[in-house]
file protein.cif (mmCIF, C-alpha atoms)
data_start
loop_
_atom_site.label_atom_id
_atom_site.label_comp_id
_atom_site.auth_asym_id
_atom_site.auth_seq_id
_atom_site.Cartn_x
_atom_site.Cartn_y
_atom_site.Cartn_z
CA MET A 207 97.93 193.88 179.53
CA PRO A 208 100.28 191.66 181.57
CA ASP A 209 102.51 191.26 178.50
CA VAL A 210 102.69 195.04 178.08
CA GLU A 211 103.53 195.47 181.75
CA ASN A 212 106.21 192.79 181.56
CA LYS A 213 107.80 194.41 178.51
CA THR A 214 107.77 197.81 180.19
CA ARG A 215 109.35 196.34 183.31
CA LEU A 216 112.03 194.54 181.30
CA ARG A 217 112.88 197.73 179.40
CA ALA A 218 113.21 199.65 182.68
CA GLU A 219 115.37 196.93 184.20
CA ALA A 220 117.53 196.81 181.08
CA ALA A 221 118.04 200.57 181.31
CA LEU A 222 119.13 200.30 184.96
CA ALA A 223 121.51 197.49 184.08
CA ALA A 224 123.00 199.61 181.30
CA PHE A 225 123.39 202.60 183.66
CA ALA A 226 125.45 200.37 185.97
CA VAL A 227 127.36 198.22 183.48
CA LEU A 228 128.60 200.99 181.18
CA PRO A 229 130.40 202.95 183.97
CA PHE A 230 131.99 199.69 185.11
CA ILE A 231 133.30 198.99 181.61
CA LEU A 232 134.57 202.56 181.31
CA GLY A 233 136.18 202.18 184.72
CA LEU A 234 138.11 199.14 183.49
CA LEU A 235 139.31 201.09 180.45
CA ASN A 236 140.24 204.09 182.62
CA LEU A 237 142.48 201.96 184.81
CA ARG A 238 145.06 202.20 182.06
CA ALA A 239 144.15 205.64 180.72
CA LEU A 240 144.30 207.22 184.20
CA SER A 241 147.79 205.92 184.91
CA ARG A 242 150.12 206.87 187.71
CA ALA A 243 153.13 209.09 187.16
CA PRO A 244 156.25 207.14 186.14
CA GLN A 245 159.28 206.78 188.32
CA PRO A 246 161.55 209.84 188.10
CA THR A 247 164.15 210.27 185.39
CA PRO A 248 167.21 212.54 185.58
CA SER A 249 166.04 216.13 186.04
CA THR A 250 166.38 218.95 183.53
CA ASP A 251 167.55 222.49 184.17
CA GLU A 252 163.96 223.65 184.55
CA GLY A 253 163.01 224.52 188.10
CA VAL A 254 159.69 224.48 189.92
CA SER A 255 158.00 227.20 191.95
CA VAL A 256 155.65 225.66 194.50
CA LEU A 257 152.76 228.05 195.16
CA ILE A 258 150.56 227.60 198.22
CA PRO A 259 147.53 229.82 198.91
CA ALA A 260 146.89 229.80 202.66
CA ARG A 261 143.89 231.18 204.50
CA ASN A 262 143.76 230.24 208.18
CA GLU A 263 146.02 227.21 207.72
CA ALA A 264 148.07 227.50 210.93
CA GLY A 265 147.24 223.92 211.86
CA GLN A 266 148.80 222.40 208.76
CA ILE A 267 150.99 224.84 206.82
CA ARG A 268 154.20 223.70 208.49
CA GLU A 269 153.63 220.03 207.64
CA ALA A 270 152.77 220.98 204.05
CA LEU A 271 156.02 222.96 203.66
CA GLU A 272 158.16 220.21 205.16
CA ALA A 273 156.69 217.71 202.69
CA VAL A 274 157.49 220.04 199.78
CA LEU A 275 161.05 220.57 201.00
CA ALA A 276 161.56 216.80 201.13
CA ASN A 277 161.27 216.83 197.31
CA GLY A 278 164.80 218.17 196.98
CA SER A 279 166.58 220.65 194.74
CA LEU A 280 164.09 220.58 191.86
CA VAL A 281 161.95 222.81 194.07
CA ARG A 282 163.75 226.13 193.61
CA GLU A 283 161.30 228.27 195.56
CA ILE A 284 158.19 227.94 197.69
CA ILE A 285 155.86 230.91 197.89
CA VAL A 286 153.13 231.02 200.52
CA LEU A 287 150.45 233.67 200.11
CA ASP A 288 148.77 234.61 203.36
CA ASP A 289 145.21 235.25 202.19
CA ASN A 290 144.11 237.57 205.01
CA SER A 291 144.37 234.87 207.67
CA SER A 292 143.11 235.56 211.17
CA ASP A 293 145.24 232.85 212.81
CA ASP A 294 149.00 232.12 213.08
CA THR A 295 149.51 230.95 209.50
CA ILE A 296 152.43 233.32 208.87
CA ILE A 297 154.14 232.47 212.16
CA LYS A 298 153.92 228.74 211.53
CA ALA A 299 155.24 229.12 207.98
CA ARG A 300 158.22 231.15 209.14
CA GLU A 301 159.09 228.54 211.75
CA VAL A 302 160.17 226.16 208.97
CA GLY A 303 163.12 228.44 208.29
CA ASP A 304 164.24 227.34 204.83
CA PRO A 305 165.71 230.06 202.53
CA ARG A 306 163.63 228.81 199.60
CA ILE A 307 160.43 229.82 201.37
CA ARG A 308 158.98 233.26 200.72
CA ILE A 309 155.85 234.55 202.41
CA VAL A 310 153.79 237.25 200.73
CA SER A 311 150.68 239.02 201.93
CA GLY A 312 147.54 238.77 199.85
CA LYS A 313 145.53 241.75 198.71
CA SER A 314 141.84 242.26 199.41
CA LEU A 315 139.48 240.19 197.29
CA PRO A 316 138.14 242.25 194.33
CA PRO A 317 134.54 241.87 193.17
CA GLY A 318 133.94 239.01 190.76
CA TRP A 319 136.87 236.92 191.97
CA CYS A 320 136.87 233.58 193.78
CA GLY A 321 139.20 233.77 196.77
CA LYS A 322 141.47 230.89 195.76
CA SER A 323 141.81 232.03 192.14
CA HIS A 324 142.74 235.51 193.34
CA ALA A 325 145.36 234.07 195.66
CA CYS A 326 146.80 231.84 192.91
CA ALA A 327 146.96 234.74 190.46
CA GLN A 328 148.98 236.75 192.97
CA LEU A 329 151.28 233.79 193.66
CA ALA A 330 151.99 233.33 189.95
CA ARG A 331 153.08 236.96 189.64
CA HIS A 332 155.75 236.34 192.29
CA ALA A 333 157.01 233.05 190.76
CA ARG A 334 160.31 232.99 188.88
CA GLN A 335 160.67 229.39 187.70
CA ASP A 336 159.73 227.64 184.45
CA TRP A 337 157.06 225.47 186.08
CA LEU A 338 154.41 226.39 188.64
CA LEU A 339 153.07 223.81 191.08
CA PHE A 340 149.85 225.05 192.68
CA LEU A 341 149.32 223.15 195.90
CA ASP A 342 146.60 223.34 198.53
CA ALA A 343 147.82 223.72 202.09
CA ASP A 344 146.18 220.46 203.14
CA VAL A 345 148.11 218.41 200.55
CA ARG A 346 151.17 216.40 201.61
CA LEU A 347 153.52 215.56 198.76
CA ALA A 348 155.40 212.27 198.62
CA PRO A 349 159.23 212.76 198.54
CA GLU A 350 159.51 212.09 194.77
CA ALA A 351 156.23 213.71 193.73
CA VAL A 352 157.65 216.82 192.04
CA ARG A 353 160.27 214.85 190.14
CA ARG A 354 157.68 212.32 188.97
CA LEU A 355 155.32 215.07 187.78
CA MET A 356 158.19 216.66 185.88
CA THR A 357 158.94 213.26 184.36
CA VAL A 358 155.40 213.20 182.97
CA VAL A 359 155.81 216.51 181.13
CA ASN A 360 159.38 215.72 180.03
CA LYS A 361 158.28 212.45 178.44
CA GLN A 362 155.24 214.01 176.80
CA ARG A 363 156.38 217.40 175.55
CA THR A 364 152.95 218.37 174.24
CA ILE A 365 151.68 218.56 177.83
CA SER A 366 151.72 221.99 179.49
CA LEU A 367 149.64 221.03 182.54
CA VAL A 368 149.47 217.85 184.58
CA SER A 369 147.18 217.34 187.56
CA GLY A 370 145.88 214.56 189.75
CA VAL A 371 143.58 213.77 192.65
CA PRO A 372 145.61 213.04 195.79
CA HIS A 373 144.71 210.16 198.07
CA GLN A 374 141.85 211.46 200.20
CA GLU A 375 142.22 210.70 203.89
CA THR A 376 138.81 210.02 205.37
CA HIS A 377 138.27 209.53 209.09
CA SER A 378 134.75 210.63 209.98
CA PHE A 379 131.54 208.99 208.71
CA PHE A 380 130.63 211.65 206.15
CA GLU A 381 134.20 211.82 204.84
CA TRP A 382 134.48 208.13 203.95
CA LEU A 383 130.85 207.99 202.83
CA LEU A 384 131.03 210.87 200.33
CA LEU A 385 134.56 211.82 199.33
CA PRO A 386 135.36 208.55 197.50
CA PHE A 387 132.81 209.56 194.87
CA ILE A 388 135.36 212.05 193.54
CA ASN A 389 137.29 209.09 192.14
CA VAL A 390 134.15 207.14 191.25
CA LEU A 391 133.04 209.93 188.92
CA LEU A 392 136.52 210.18 187.38
CA PHE A 393 136.92 206.47 186.71
CA GLY A 394 133.32 205.65 185.87
CA TYR A 395 132.18 208.66 183.86
CA LEU A 396 135.18 210.39 182.27
CA PRO A 397 135.88 209.04 178.74
CA LEU A 398 139.66 209.21 179.07
CA PRO A 399 140.38 206.66 176.32
CA LEU A 400 138.87 209.19 173.86
CA ASP A 401 140.90 212.11 175.19
CA LYS A 402 144.00 213.16 173.25
CA GLY A 403 144.85 216.02 175.59
CA ARG A 404 143.49 218.90 173.49
CA THR A 405 139.66 218.88 173.57
CA ALA A 406 138.48 221.44 176.13
CA SER A 407 135.24 219.63 176.95
CA LEU A 408 137.18 216.49 177.93
CA ALA A 409 139.66 218.30 180.16
CA ALA A 410 139.93 217.22 183.79
CA ALA A 411 142.08 218.43 186.65
CA CYS A 412 142.12 218.72 190.41
CA GLY A 413 142.86 222.13 191.91
CA GLN A 414 144.59 220.55 194.90
CA LEU A 415 147.59 219.56 192.77
CA VAL A 416 148.34 221.32 189.46
CA LEU A 417 151.71 221.56 187.70
CA VAL A 418 151.66 223.99 184.77
CA LYS A 419 154.30 225.50 182.49
CA ALA A 420 154.64 229.16 183.42
CA GLN A 421 154.72 230.41 179.82
CA ALA A 422 151.56 228.49 178.85
CA TYR A 423 149.82 229.59 182.04
CA ARG A 424 150.47 233.25 181.29
CA GLU A 425 149.60 233.01 177.59
CA ALA A 426 146.23 231.46 178.54
CA GLY A 427 145.50 234.29 180.98
CA GLY A 428 146.26 232.35 184.15
CA HIS A 429 143.76 232.43 186.98
CA GLU A 430 142.50 235.82 185.85
CA ALA A 431 140.82 234.07 182.93
CA ILE A 432 138.87 231.88 185.37
CA ARG A 433 138.56 234.43 188.17
CA SER A 434 134.98 233.58 189.17
CA ARG A 435 135.22 229.80 188.93
CA LEU A 436 135.10 227.67 192.07
CA HIS A 437 136.31 224.55 190.21
CA ASP A 438 139.67 226.25 189.62
CA GLY A 439 141.64 223.17 188.58
CA LEU A 440 139.12 222.02 185.99
CA ALA A 441 138.57 225.56 184.69
CA LEU A 442 142.32 226.15 184.35
CA ALA A 443 142.81 222.94 182.36
CA ARG A 444 139.95 223.86 180.02
CA SER A 445 141.32 227.37 179.61
CA LEU A 446 144.73 226.05 178.59
CA ARG A 447 143.19 223.65 176.09
CA GLN A 448 141.16 226.47 174.58
CA HIS A 449 144.44 228.25 173.96
CA GLY A 450 145.99 225.22 172.25
CA PHE A 451 147.95 223.71 175.14
CA GLY A 452 147.78 220.05 176.11
CA THR A 453 146.84 218.88 179.60
CA ARG A 454 146.81 215.51 181.31
CA LEU A 455 145.25 213.94 184.37
CA VAL A 456 147.15 211.26 186.29
CA ASP A 457 146.24 209.06 189.23
CA ALA A 458 147.95 210.91 192.09
CA THR A 459 147.06 208.37 194.80
CA ASP A 460 150.74 207.64 195.43
CA LEU A 461 151.98 211.19 194.75
CA ALA A 462 150.23 213.01 197.57
CA HIS A 463 147.60 212.69 200.25
CA CYS A 464 145.33 215.17 201.95
CA ARG A 465 142.45 215.49 204.33
CA MET A 466 140.17 218.08 202.78
CA TYR A 467 137.51 218.23 205.48
CA ARG A 468 137.45 217.39 209.17
CA SER A 469 133.76 217.39 210.07
CA ALA A 470 130.37 216.59 208.59
CA SER A 471 129.59 220.30 208.24
CA GLN A 472 132.83 220.91 206.30
CA VAL A 473 132.12 217.97 203.98
CA TYR A 474 128.63 219.27 203.28
CA ALA A 475 129.76 222.87 202.78
CA GLY A 476 132.66 221.82 200.56
CA LEU A 477 130.47 219.71 198.27
CA MET A 478 127.83 222.45 198.19
CA LYS A 479 130.46 225.00 197.15
CA ASN A 480 131.35 223.15 193.95
CA ALA A 481 127.96 221.63 193.16
CA VAL A 482 126.46 224.19 190.75
CA GLU A 483 129.61 224.19 188.60
CA GLY A 484 129.56 220.38 188.67
CA LEU A 485 126.67 217.94 188.94
CA ALA A 486 124.03 220.50 189.95
CA GLY A 487 123.90 222.62 186.83
CA PRO A 488 120.43 223.28 185.38
CA VAL A 489 121.01 220.88 182.47
CA SER A 490 123.43 218.47 184.11
CA LEU A 491 121.44 217.76 187.29
CA PRO A 492 118.60 215.80 185.59
CA ILE A 493 121.13 213.87 183.52
CA TRP A 494 123.34 213.00 186.48
CA THR A 495 120.31 212.09 188.57
CA ALA A 496 119.17 209.61 185.94
CA LEU A 497 122.65 208.12 185.55
CA LEU A 498 123.57 207.88 189.21
CA ALA A 499 120.19 207.00 190.67
CA GLY A 500 119.45 204.59 187.83
CA GLY A 501 122.76 202.77 188.02
CA HIS A 502 123.65 202.93 191.71
CA ILE A 503 120.54 203.51 193.83
CA LEU A 504 117.38 202.05 192.31
CA PRO A 505 118.79 198.54 191.68
CA PHE A 506 119.21 198.09 195.44
CA PHE A 507 115.60 199.07 196.20
CA LEU A 508 113.77 197.14 193.47
CA ARG A 509 112.67 193.52 193.49
CA ALA A 510 115.46 191.20 192.39
CA SER A 511 115.53 189.86 188.85
CA PRO A 512 118.40 188.76 186.58
CA LEU A 513 118.80 192.26 185.12
CA ILE A 514 118.56 193.92 188.52
CA TRP A 515 121.23 191.56 189.85
CA ILE A 516 123.47 192.51 186.92
CA ALA A 517 122.96 196.18 187.82
CA ARG A 518 123.75 195.53 191.50
CA ILE A 519 126.88 193.55 190.75
CA ALA A 520 128.16 196.08 188.19
CA SER A 521 127.56 199.00 190.57
CA ILE A 522 129.39 197.33 193.45
CA ALA A 523 132.14 196.14 191.09
CA LEU A 524 132.83 199.71 189.98
CA ARG A 525 132.98 200.87 193.58
CA LEU A 526 135.31 197.99 194.49
CA LEU A 527 137.52 198.74 191.49
CA VAL A 528 137.91 202.37 192.55
CA ALA A 529 138.32 201.51 196.23
CA LEU A 530 141.20 199.14 195.49
CA ARG A 531 142.91 201.46 193.01
CA CYS A 532 142.58 204.59 195.17
CA ARG A 533 143.15 202.95 198.55
CA GLN A 534 139.68 203.56 199.90
CA GLY A 535 138.08 201.50 202.66
CA LEU A 536 135.76 198.62 201.83
CA LEU A 537 133.04 200.18 203.98
CA THR A 538 132.70 202.85 201.31
CA VAL A 539 131.77 200.07 198.90
CA LEU A 540 129.15 198.50 201.17
CA PHE A 541 127.53 201.85 201.92
CA SER A 542 127.73 203.07 198.32
CA PRO A 543 123.95 203.36 197.68
CA LEU A 544 123.51 205.43 200.84
CA GLY A 545 126.41 207.67 199.89
CA MET A 546 125.01 208.17 196.40
CA ILE A 547 121.62 209.16 197.82
CA LEU A 548 123.23 211.78 200.04
CA LEU A 549 125.45 213.04 197.22
CA LEU A 550 122.41 213.65 195.00
CA LEU A 551 120.51 215.30 197.86
CA ILE A 552 123.39 217.76 198.25
CA GLN A 553 123.24 218.54 194.53
CA PHE A 554 119.50 219.27 194.73
CA HIS A 555 120.04 221.43 197.81
CA ALA A 556 122.71 223.39 195.94
CA ARG A 557 120.39 223.86 192.94
CA LEU A 558 117.59 225.07 195.21
CA ARG A 559 119.91 227.58 196.90
CA HIS A 560 121.05 228.82 193.52
CA MET A 561 117.48 229.22 192.27
CA THR A 562 116.52 231.20 195.38
CA GLY A 563 119.60 233.44 195.15
CA ARG A 564 121.23 232.23 198.34
CA PRO A 565 125.06 232.34 198.21
CA VAL A 566 127.34 229.56 199.41
CA THR A 567 129.82 230.19 202.21
CA TRP A 568 133.41 229.01 202.21
CA LYS A 569 136.20 230.08 204.58
CA GLY A 570 134.22 233.08 205.72
CA ARG A 571 133.44 234.33 202.21
CA LEU A 572 130.15 234.39 200.35
CA TYR A 573 129.96 233.25 196.73
CA GLU A 574 127.05 233.82 194.38
CA THR A 575 126.95 230.51 192.49
#
call {"tool": "encode", "arguments": {"input": "protein.cif", "output": "structure tokens"}}
result
Amino acid sequence: MPDVENKTRLRAEAALAAFAVLPFILGLLNLRALSRAPQPTPSTDEGVSVLIPARNEAGQIREALEAVLANGSLVREIIVLDDNSSDDTIIKAREVGDPRIRIVSGKSLPPGWCGKSHACAQLARHARQDWLLFLDADVRLAPEAVRRLMTVVNKQRTISLVSGVPHQETHSFFEWLLLPFINVLLFGYLPLPLDKGRTASLAAACGQLVLVKAQAYREAGGHEAIRSRLHDGLALARSLRQHGFGTRLVDATDLAHCRMYRSASQVYAGLMKNAVEGLAGPVSLPIWTALLAGGHILPFFLRASPLIWIARIASIALRLLVALRCRQGLLTVLFSPLGMILLLLIQFHARLRHMTGRPVTWKGRLYET
């Protein structure tokens, strides 16, 4: 019996080591695959419409617009859609006073639509340029960001959409504990070396920063085709690929930065909002629980052995790799097991709410997930 127990224990430890080592290896491969946008080349005649949906963004819309304007003449127009704000969003946007800025009023949200997708669909109808840059109001572009994104699509003409995750500013405990896992999941679990830009199931994008060719966007049905999706960036990239257009994800750490959430409650609500379309799906939740708990939680709570030490080192190495590449604090690495526990608890909470028919709330709107 002891031999059977030892073999069972070794198999379990080997599985945990594999769950930690394989994401680390994939992370090393993704360092090259998930490259940063190249330095800008001379611009073409194609212009860019920057489209910003804004709902109660009075505290940051002006700073967002000033950062866009710093990108120069390639930005031909900036359209801000006031999505039924109850604050001074319009006033603050008008204070910037640049002739390229247009402010339009959003229509009421129809049934079956996600608020952001509805706002983006309206913005696209107003846009007049060859390329559309959808930008969240909390994103701050670097001065050469638009030109560098255009360089990506000019060098790779098969690409009709390019997106990236901006550098996430994290100040409060829950921000720096949880938000770095956005990049951990990208680097450690997305098989980018296998992606040739066309397979819909391998598509990846971040709705905070999406540059898309206007013609391809409209031929694929735009945001109307993904009207109910909360993961708008990912859904849009998949939709374009399904219509035969290529997409690409870049490391946008040096292209833009943003602070998505400013309190623990906002972090929790924001992760809950996207959970069911992400890790907390009925099929995906058990799989992700096994992968994440097995590779990044259990090794730190089990008795040490050579295989368990391999799992611990590989897990921390992946976190360190991502922290250095994406300019995250080292505390996020040290507290990684705790953050992973909380991340999975949020996913289970989201699944429970979905099973009991309780909607999620975001910016004053209810969404049936």
call {"tool": "resolve_selection", "arguments": {"input": "protein.cif", "expression": "the PyMOL selection byres ((chain A and resi 561) around 12)", "output": "list in words"}}
result
Val482, Ala486, Gly487, Pro488, Phe554, His555, Ala556, Arg557, Leu558, Arg559, His560, Thr562, Gly563, Arg564, Pro565, Glu574 and Thr575 of chain A
call {"tool": "closest_residue", "arguments": {"input": "protein.cif", "among": "A:Glu381, A:Glu350, A:Asp209, A:Glu430", "to": "A:Pro244", "atoms": "all atoms listed in the file"}}
result
A:Glu350
call {"tool": "resolve_selection", "arguments": {"input": "protein.cif", "expression": "the PyMOL selection byres ((chain A and resi 240) around 9)", "output": "number ranges by chain"}}
result
A: 235-239, 241-242, 392-393, 398-399, 455-457
call {"tool": "write_last_selection", "arguments": {"input": "protein.cif", "atoms": "C-alpha atoms", "output": "CSV table (one decimal), keeping the file's coordinate frame"}}
result
chain,number,residue,atom,x,y,z
A,235,LEU,CA,139.3,201.1,180.4
A,236,ASN,CA,140.2,204.1,182.6
A,237,LEU,CA,142.5,202.0,184.8
A,238,ARG,CA,145.1,202.2,182.1
A,239,ALA,CA,144.2,205.6,180.7
A,241,SER,CA,147.8,205.9,184.9
A,242,ARG,CA,150.1,206.9,187.7
A,392,LEU,CA,136.5,210.2,187.4
A,393,PHE,CA,136.9,206.5,186.7
A,398,LEU,CA,139.7,209.2,179.1
A,399,PRO,CA,140.4,206.7,176.3
A,455,LEU,CA,145.2,213.9,184.4
A,456,VAL,CA,147.2,211.3,186.3
A,457,ASP,CA,146.2,209.1,189.2
call {"tool": "closest_atom_pairs", "arguments": {"input": "protein.cif", "of": "stretch 337-441 of chain A", "to": "stretch 532-535 of chain A", "cutoff": "10 Å", "atoms": "all atoms listed in the file", "output": "Markdown table"}}
result
| residue | atom | partner | partner_atom | distance |
| --- | --- | --- | --- | --- |
| A:Val371 | CA | A:Cys532 | CA | 9.6 |
| A:Pro372 | CA | A:Cys532 | CA | 9.0 |
| A:His373 | CA | A:Cys532 | CA | 6.6 |
| A:Gln374 | CA | A:Gln534 | CA | 8.2 |
| A:Glu375 | CA | A:Gln534 | CA | 8.6 |
| A:Thr376 | CA | A:Gln534 | CA | 8.5 |
| A:Trp382 | CA | A:Gly535 | CA | 7.7 |
| A:Leu383 | CA | A:Gly535 | CA | 9.7 |
| A:Leu385 | CA | A:Gln534 | CA | 9.7 |
| A:Pro386 | CA | A:Gln534 | CA | 7.0 |
| A:Asn389 | CA | A:Cys532 | CA | 7.6 |
| A:Val390 | CA | A:Cys532 | CA | 9.6 |
call {"tool": "closest_atom_pairs", "arguments": {"input": "protein.cif", "of": "stretch 253-275 of chain A", "to": "stretch 331-345 of chain A", "cutoff": "7 Å", "atoms": "all atoms listed in the file", "output": "CSV"}}
result
residue,atom,partner,partner_atom,distance
A:Gly253,CA,A:Gln335,CA,5.4
A:Val254,CA,A:Trp337,CA,4.8
A:Ser255,CA,A:Leu338,CA,4.9
A:Val256,CA,A:Leu339,CA,4.7
A:Leu257,CA,A:Phe340,CA,4.9
A:Ile258,CA,A:Leu341,CA,5.2
A:Pro259,CA,A:Asp342,CA,6.6
A:Ala260,CA,A:Ala343,CA,6.2
A:Glu263,CA,A:Ala343,CA,6.9
A:Gln266,CA,A:Asp344,CA,6.5
A:Ile267,CA,A:Ala343,CA,5.8
A:Ala270,CA,A:Ala343,CA,6.0
call {"tool": "resolve_selection", "arguments": {"input": "protein.cif", "expression": "the PyMOL selection byres ((chain A and resi 428) around 12)", "output": "JSON, numbers by chain"}}
result
{"A": [323, 324, 325, 326, 327, 328, 329, 330, 331, 338, 340, 367, 418, 419, 420, 421, 422, 423, 424, 425, 426, 427, 429, 430, 431, 432, 433, 438, 439, 441, 442, 443, 444, 445, 446, 449]}
call {"tool": "closest_residue", "arguments": {"input": "protein.cif", "among": "A:Thr295, A:Gln245, A:Ser511, A:Gln414", "to": "A:Val368", "atoms": "all atoms listed in the file"}}
result
A:Gln414
call {"tool": "closest_atom_pairs", "arguments": {"input": "protein.cif", "of": "stretch 314-404 of chain A", "to": "stretch 540-546 of chain A", "cutoff": "9 Å", "atoms": "all atoms listed in the file", "output": "JSON lines"}}
result
{"residue": "A:Phe380", "atom": "CA", "partner": "A:Gly545", "partner_atom": "CA", "distance": 8.5}
{"residue": "A:Leu383", "atom": "CA", "partner": "A:Gly545", "partner_atom": "CA", "distance": 5.3}
{"residue": "A:Leu384", "atom": "CA", "partner": "A:Gly545", "partner_atom": "CA", "distance": 5.6}
{"residue": "A:Phe387", "atom": "CA", "partner": "A:Met546", "partner_atom": "CA", "distance": 8.1}
call {"tool": "closest_residue", "arguments": {"input": "protein.cif", "among": "A:Pro512, A:Gly265, A:Gly321, A:Gly370", "to": "A:Ala458", "atoms": "all atoms listed in the file"}}
result
A:Gly370
call {"tool": "atom_distance", "arguments": {"input": "protein.cif", "atom1": "atom CA of A:Ala348", "atom2": "atom CA of A:Arg468"}}
result
21.4 Å
call {"tool": "atom_distance", "arguments": {"input": "protein.cif", "atom1": "atom CA of A:Phe379", "atom2": "atom CA of A:Leu508"}}
result
26.2 Å
call {"tool": "atom_distance", "arguments": {"input": "protein.cif", "atom1": "atom CA of A:Ile285", "atom2": "atom CA of A:Arg306"}}
result
8.2 Å
call {"tool": "axis_aligned_box", "arguments": {"input": "protein.cif", "around": "stretch 219-231 of chain A", "padding_each_side": "3 Å", "output": "AutoDock Vina command-line options"}}
result
--center_x 124.3 --center_y 199.9 --center_z 183.5 --size_x 23.9 --size_y 12.1 --size_z 10.9
call {"tool": "residues_around", "arguments": {"input": "protein.cif", "residues": "A:Phe230", "least_positions_apart": "5", "cutoff": "10 Å", "atoms": "all atoms listed in the file", "output": "PyMOL selection string"}}
result
chain A and resi 224-225+235-236+390+393-395+519-525+527-528
call {"tool": "build_atoms", "arguments": {"input": "protein.cif", "residues": "stretch 362-374 of chain A", "atoms": "N, CA, C and O atoms", "output": "tab-separated table (two decimals), in the frame of the given file"}}
result
chain	number	residue	atom	x	y	z
A	362	GLN	N	156.31	213.64	177.72
A	362	GLN	CA	155.24	214.01	176.80
A	362	GLN	C	155.27	215.52	176.61
A	362	GLN	O	154.56	216.26	177.27
A	363	ARG	N	156.08	215.97	175.69
A	363	ARG	CA	156.38	217.40	175.55
A	363	ARG	C	155.18	218.23	175.12
A	363	ARG	O	155.24	219.46	175.20
A	364	THR	N	154.13	217.60	174.63
A	364	THR	CA	152.95	218.37	174.24
A	364	THR	C	152.10	218.76	175.44
A	364	THR	O	151.11	219.49	175.28
A	365	ILE	N	152.46	218.29	176.62
A	365	ILE	CA	151.68	218.56	177.83
A	365	ILE	C	152.22	219.81	178.53
A	365	ILE	O	153.41	219.90	178.83
A	366	SER	N	151.34	220.77	178.77
A	366	SER	CA	151.72	221.99	179.49
A	366	SER	C	151.14	222.03	180.90
A	366	SER	O	151.48	222.92	181.68
A	367	LEU	N	150.23	221.10	181.20
A	367	LEU	CA	149.64	221.03	182.54
A	367	LEU	C	149.38	219.57	182.88
A	367	LEU	O	148.84	218.83	182.06
A	368	VAL	N	149.78	219.19	184.07
A	368	VAL	CA	149.47	217.85	184.58
A	368	VAL	C	148.90	218.00	185.99
A	368	VAL	O	149.37	218.83	186.78
A	369	SER	N	147.86	217.24	186.26
A	369	SER	CA	147.18	217.34	187.56
A	369	SER	C	146.75	215.95	187.99
A	369	SER	O	146.76	215.00	187.20
A	370	GLY	N	146.36	215.84	189.24
A	370	GLY	CA	145.88	214.56	189.75
A	370	GLY	C	145.16	214.73	191.06
A	370	GLY	O	145.35	215.72	191.77
A	371	VAL	N	144.31	213.76	191.38
A	371	VAL	CA	143.58	213.77	192.65
A	371	VAL	C	144.41	213.04	193.69
A	371	VAL	O	144.67	211.84	193.55
A	372	PRO	N	144.86	213.72	194.74
A	372	PRO	CA	145.61	213.04	195.79
A	372	PRO	C	144.76	211.99	196.51
A	372	PRO	O	143.53	211.99	196.41
A	373	HIS	N	145.43	211.11	197.22
A	373	HIS	CA	144.71	210.16	198.07
A	373	HIS	C	143.98	210.94	199.15
A	373	HIS	O	144.57	211.74	199.87
A	374	GLN	N	142.67	210.72	199.24
A	374	GLN	CA	141.85	211.46	200.20
A	374	GLN	C	141.78	210.71	201.52
A	374	GLN	O	141.24	209.60	201.59
